[in-house]
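Trainee: Got a file for you: upload36.txt, compact mmCIF, C-alpha atoms.
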```txt
# COMPACT_ATOMS: atom_id res chain seq x y z
CA MET A 1 3.70 180.50 82.22
CA LEU A 2 6.98 178.89 81.12
CA SER A 3 7.17 176.55 78.14
CA PHE A 4 7.78 173.50 80.29
CA GLU A 5 4.73 174.37 82.38
CA VAL A 6 2.32 174.27 79.44
CA PRO A 7 -0.63 172.08 80.27
CA GLY A 8 -0.64 168.89 78.26
CA SER A 9 3.11 168.87 77.64
CA GLY A 10 4.34 165.75 79.36
CA TRP A 11 7.83 164.90 80.38
CA LYS A 12 7.91 161.73 78.27
CA PRO A 13 8.49 163.44 74.88
CA ARG A 14 11.30 165.53 76.36
CA VAL A 15 12.99 162.48 77.89
CA LEU A 16 12.59 160.56 74.63
CA ALA A 17 14.15 163.45 72.68
CA ALA A 18 17.05 163.63 75.16
CA VAL A 19 17.66 159.87 74.94
CA LEU A 20 17.59 159.98 71.12
CA GLY A 21 19.97 162.94 71.15
CA LEU A 22 22.39 161.13 73.43
CA GLY A 23 22.12 158.06 71.23
CA LEU A 24 23.10 160.10 68.18
CA LEU A 25 26.03 161.61 70.05
CA ALA A 26 27.17 158.17 71.12
CA GLY A 27 27.62 157.29 67.44
CA CYS A 28 30.19 160.06 67.02
CA GLN A 29 33.81 159.01 67.32
CA ALA A 30 37.04 160.83 67.92
CA ARG A 31 39.94 159.25 66.04
CA PRO A 32 43.41 160.48 65.26
CA LEU A 33 43.82 162.03 61.82
CA TYR A 34 45.98 159.10 60.79
CA GLY A 35 47.36 156.12 62.63
CA SER A 36 45.84 153.79 65.15
CA MET A 37 44.39 154.17 68.60
CA ALA A 38 47.00 151.76 70.03
CA GLY A 39 49.60 154.53 70.14
CA THR A 40 51.56 153.36 67.12
CA THR A 41 51.32 155.94 64.37
CA GLN A 42 51.97 155.28 60.74
CA SER A 43 55.04 157.45 60.36
CA ILE A 44 55.80 159.30 57.14
CA ALA A 45 59.16 160.61 55.95
CA VAL A 46 58.95 163.52 53.50
CA SER A 47 61.54 163.88 50.71
CA GLU A 48 64.04 166.73 50.74
CA ALA A 49 63.09 170.03 49.09
CA ASP A 50 64.72 171.63 46.04
CA SER A 51 63.17 175.12 46.18
CA ARG A 52 61.90 177.65 48.68
CA VAL A 53 58.23 176.91 47.95
CA GLU A 54 58.82 173.17 48.10
CA GLN A 55 60.54 173.69 51.47
CA MET A 56 57.46 175.57 52.72
CA VAL A 57 55.18 172.69 51.68
CA ARG A 58 57.59 170.13 53.15
CA ASN A 59 57.76 171.98 56.48
CA GLU A 60 53.96 172.12 56.74
CA LEU A 61 53.71 168.40 55.97
CA VAL A 62 56.45 167.40 58.40
CA LEU A 63 54.78 169.39 61.17
CA GLY A 64 51.38 167.96 60.26
CA PHE A 65 52.72 164.40 60.36
CA GLY A 66 54.28 164.86 63.80
CA GLY A 67 57.87 165.82 63.01
CA GLU A 68 60.85 164.28 61.26
CA GLN A 69 60.73 160.48 61.06
CA LYS A 70 63.91 158.38 60.95
CA ASN A 71 62.52 154.87 60.47
CA ALA A 72 59.24 155.70 58.81
CA ALA A 73 56.70 153.21 57.52
CA TYR A 74 56.01 155.40 54.47
CA ARG A 75 57.95 157.81 52.28
CA LEU A 76 56.31 160.81 50.64
CA ASP A 77 58.04 161.87 47.43
CA LEU A 78 57.15 165.48 46.78
CA ASP A 79 57.63 167.73 43.75
CA VAL A 80 56.35 171.30 44.11
CA THR A 81 56.31 173.99 41.43
CA SER A 82 55.24 177.61 41.54
CA SER A 83 54.34 180.12 38.86
CA VAL A 84 53.14 183.73 38.78
CA THR A 85 50.77 184.92 36.06
CA GLY A 86 49.91 188.59 35.54
CA LEU A 87 46.28 189.68 35.41
CA LEU A 88 44.49 192.97 34.75
CA PRO A 89 46.88 194.85 32.47
CA GLY A 90 46.50 198.60 32.67
CA GLY A 91 48.31 201.86 33.18
CA VAL A 92 50.54 203.77 30.78
CA ASP A 93 52.95 200.93 30.00
CA ASN A 94 50.25 198.25 30.12
CA GLU A 95 51.82 196.84 33.30
CA PHE A 96 50.00 194.27 35.37
CA SER A 97 48.34 195.51 38.54
CA ALA A 98 47.32 192.08 39.86
CA ALA A 99 48.62 188.55 39.56
CA ARG A 100 47.91 184.95 40.45
CA THR A 101 50.42 182.60 42.03
CA THR A 102 49.82 178.90 41.42
CA VAL A 103 51.53 176.31 43.61
CA THR A 104 51.25 172.71 42.39
CA ALA A 105 52.29 169.70 44.45
CA ASN A 106 52.75 166.30 42.82
CA TYR A 107 53.19 163.56 45.38
CA ALA A 108 53.58 159.81 45.73
CA LEU A 109 53.20 157.97 49.04
CA LYS A 110 55.25 154.77 49.02
CA SER A 111 55.51 151.96 51.52
CA GLU A 112 59.08 151.65 52.81
CA SER A 113 58.77 147.89 53.32
CA THR A 114 57.45 146.96 49.86
CA GLY A 115 58.30 150.01 47.74
CA GLU A 116 54.76 149.97 46.40
CA THR A 117 52.99 153.27 45.70
CA VAL A 118 50.06 153.55 48.09
CA LYS A 119 48.70 156.88 46.84
CA SER A 120 49.80 159.40 44.26
CA GLY A 121 48.21 162.59 43.09
CA SER A 122 48.49 166.26 42.34
CA ARG A 123 47.04 169.26 44.13
CA PHE A 124 47.20 172.94 43.28
CA ILE A 125 46.15 176.21 44.85
CA ASP A 126 45.89 179.71 43.38
CA ALA A 127 46.62 182.78 45.48
CA GLN A 128 45.84 186.26 44.19
CA LEU A 129 48.04 189.28 44.84
CA ASP A 130 48.29 192.96 43.98
CA LEU A 131 51.36 194.23 42.18
CA PRO A 132 52.27 197.72 43.42
CA SER A 133 54.60 199.95 41.45
CA GLN A 134 57.58 199.44 43.80
CA ASN A 135 59.83 196.50 42.94
CA PHE A 136 60.50 195.46 46.54
CA ALA A 137 56.78 195.51 47.34
CA GLN A 138 56.09 193.36 44.26
CA GLU A 139 58.65 190.76 45.30
CA ARG A 140 57.33 190.72 48.88
CA ALA A 141 53.75 190.29 47.61
CA LYS A 142 54.83 187.37 45.41
CA LEU A 143 56.62 185.68 48.32
CA GLU A 144 53.64 186.09 50.62
CA ALA A 145 51.26 184.72 47.98
CA GLU A 146 53.53 181.71 47.48
CA ASP A 147 53.60 181.14 51.25
CA ARG A 148 49.79 181.26 51.48
CA ALA A 149 49.40 178.86 48.58
CA ALA A 150 52.10 176.52 49.95
CA ARG A 151 50.32 176.23 53.32
CA GLN A 152 47.01 175.50 51.63
CA VAL A 153 48.37 172.93 49.17
CA ALA A 154 50.15 171.16 52.06
CA ALA A 155 46.83 170.94 53.90
CA LEU A 156 45.23 169.32 50.84
CA VAL A 157 48.05 166.79 50.46
CA ARG A 158 47.95 166.01 54.18
CA ALA A 159 44.17 165.44 53.98
CA ASP A 160 44.59 163.09 50.99
CA ILE A 161 47.21 161.05 52.81
CA ALA A 162 45.24 161.01 56.05
CA ALA A 163 42.20 159.68 54.19
CA ILE A 164 44.18 156.85 52.60
CA LEU A 165 45.94 155.87 55.86
CA ALA A 166 42.69 155.93 57.87
CA ARG A 167 41.39 152.97 55.87
```
Please lay out the structure from this file as structure tokens.

Mentor:
Amino acid sequence: MLSFEVPGSGWKPRVLAAVLGLGLLAGCQARPLYGSMAGTTQSIAVSEADSRVEQMVRNELVLGFGGEQKNAAYRLDLDVTSSVTGLLPGGVDNEFSAARTTVTANYALKSESTGETVKSGSRFIDAQLDLPSQNFAQERAKLEAEDRAARQVAALVRADIAAILAR
């Protein structure tokens, strides 16, 4: 006997559960990450970059905000720094075999019309890496760790800005 054929199990509880489930789903909304439903987005221009890592963060933000904006409603001033710290010393010469790259983004979102700072903050991400004995491999590992951290810190900054503009 199937579960829906069990004696005593009426159709009313199942219909009530389905109606309640549909009611809960009706409360869910799909909204753009930032902007309005009327088709006019709150455009953001991102400041020019001074370093390779800052350029990576800037590129991720520009793509996340929908591309370069000429006449933007907001301007995002961005300052990104990166540092590499050695971990786990070992070996004959006490060389480091692992490291941590830290990418820090300080930002300020300003209204172009008033010049007022809407949101400012700082976000950082650590990315771990192995340091092999070859110099080229070490440099490549550092670059890749910086790239990973830059993408992640850009996602955090974009989420902060999206939260403030959604209000």

Trainee: Have a look at atom CA of Val46 of chain A and atom CA of Leu129 of chain A and let me know their distance in Å, one decimal.

Mentor: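 Pair atom CA of Val46 of chain A / atom CA of Leu129 of chain A returns 29.3 Å.
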
Trainee: Looking at A:Leu61, A:Ala127, A:Ala108, A:Leu20, which one is nearest to Ser82 of chain A, with distances taken over all atoms listed in the file?

Mentor: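 With all atoms listed in the file as the atom set, the closest residue is A:Ala127.
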
Trainee: Could you give me, as an MDAnalysis selection string, the residues within 9 Å of Arg75 of chain A, counting only C-alpha atoms and dropping anything in the same chain fewer than 3 positions from it?

Mentor: chainID A and resid 43:47 72 108:112

Trainee: Between A:Ala73, A:Val62, A:Ala98, A:Val84, single out the one closest to Thr114 of chain A, counting only C-alpha atoms.

Mentor: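 Comparing A:Ala73, A:Val62, A:Ala98, A:Val84 against Thr114 of chain A, the winner is A:Ala73.
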
Trainee: Measuring atom to atom with all atoms listed in the file, identify which of A:Ala49, A:Met56, A:Ala137, A:Val80 is nearest to Arg123 of chain A.

Mentor: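 Under the stated criterion, the closest residue is A:Val80.
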
Trainee: Could you give me, as an NGL selection string, the residues within 10 Å of Glu146 of chain A, counting only C-alpha atoms and dropping anything in the same chain fewer than 6 positions from it?

Mentor: :A and (52-53 or 56 or 82-84 or 100-103 or 125-129 or 140 or 152)

Trainee: Any idea what the distance is between atom CA of Val57 of chain A and atom CA of Thr85 of chain A?

Mentor: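 Separating atom CA of Val57 of chain A from atom CA of Thr85 of chain A is a distance of 20.3 Å.
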
Trainee: Grab the atom CA of Ala150 of chain A to atom CA of Glu54 of chain A distance for me, in Å with one decimal place.

Mentor: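 Spanning atom CA of Ala150 of chain A to atom CA of Glu54 of chain A is a straight-line distance of 7.7 Å.
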
Trainee: When you count all atoms listed in the file, which of these residues is closest to Gly64 of chain A: A:Phe136, A:Asp77, A:Arg151, A:Arg158?

Mentor: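 Answer, going by the shortest atom-to-atom distance: A:Arg158.
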
Trainee: Which is closest to Ala149 of chain A among A:Val15, A:Leu131, A:Glu60, A:Leu22, if we use only C-alpha atoms?

Mentor: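 Among the listed residues, A:Glu60 lies closest to Ala149 of chain A.
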
Trainee: Given all atoms listed in the file as the basis, pick out the residue of A:Ala17, A:Ala155, A:Ile161, A:Leu76 nearest to Gly115 of chain A.

Mentor: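 The shortest atom-to-atom distance to Gly115 of chain A comes from A:Leu76.
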
Trainee: Excluding Val157 of chain A and any residue of its chain fewer than 3 positions from it, enumerate the residues within 10 Å of it, using all atoms listed in the file, and give them as a list in words.

Mentor: Val57, Leu61, Leu78, Ala105, Asn106, Tyr107, Ser120, Gly121, Ser122, Arg123, Phe124, Gln152, Val153, Ala154, Asp160, Ile161, Ala162 and Ala163 of chain A
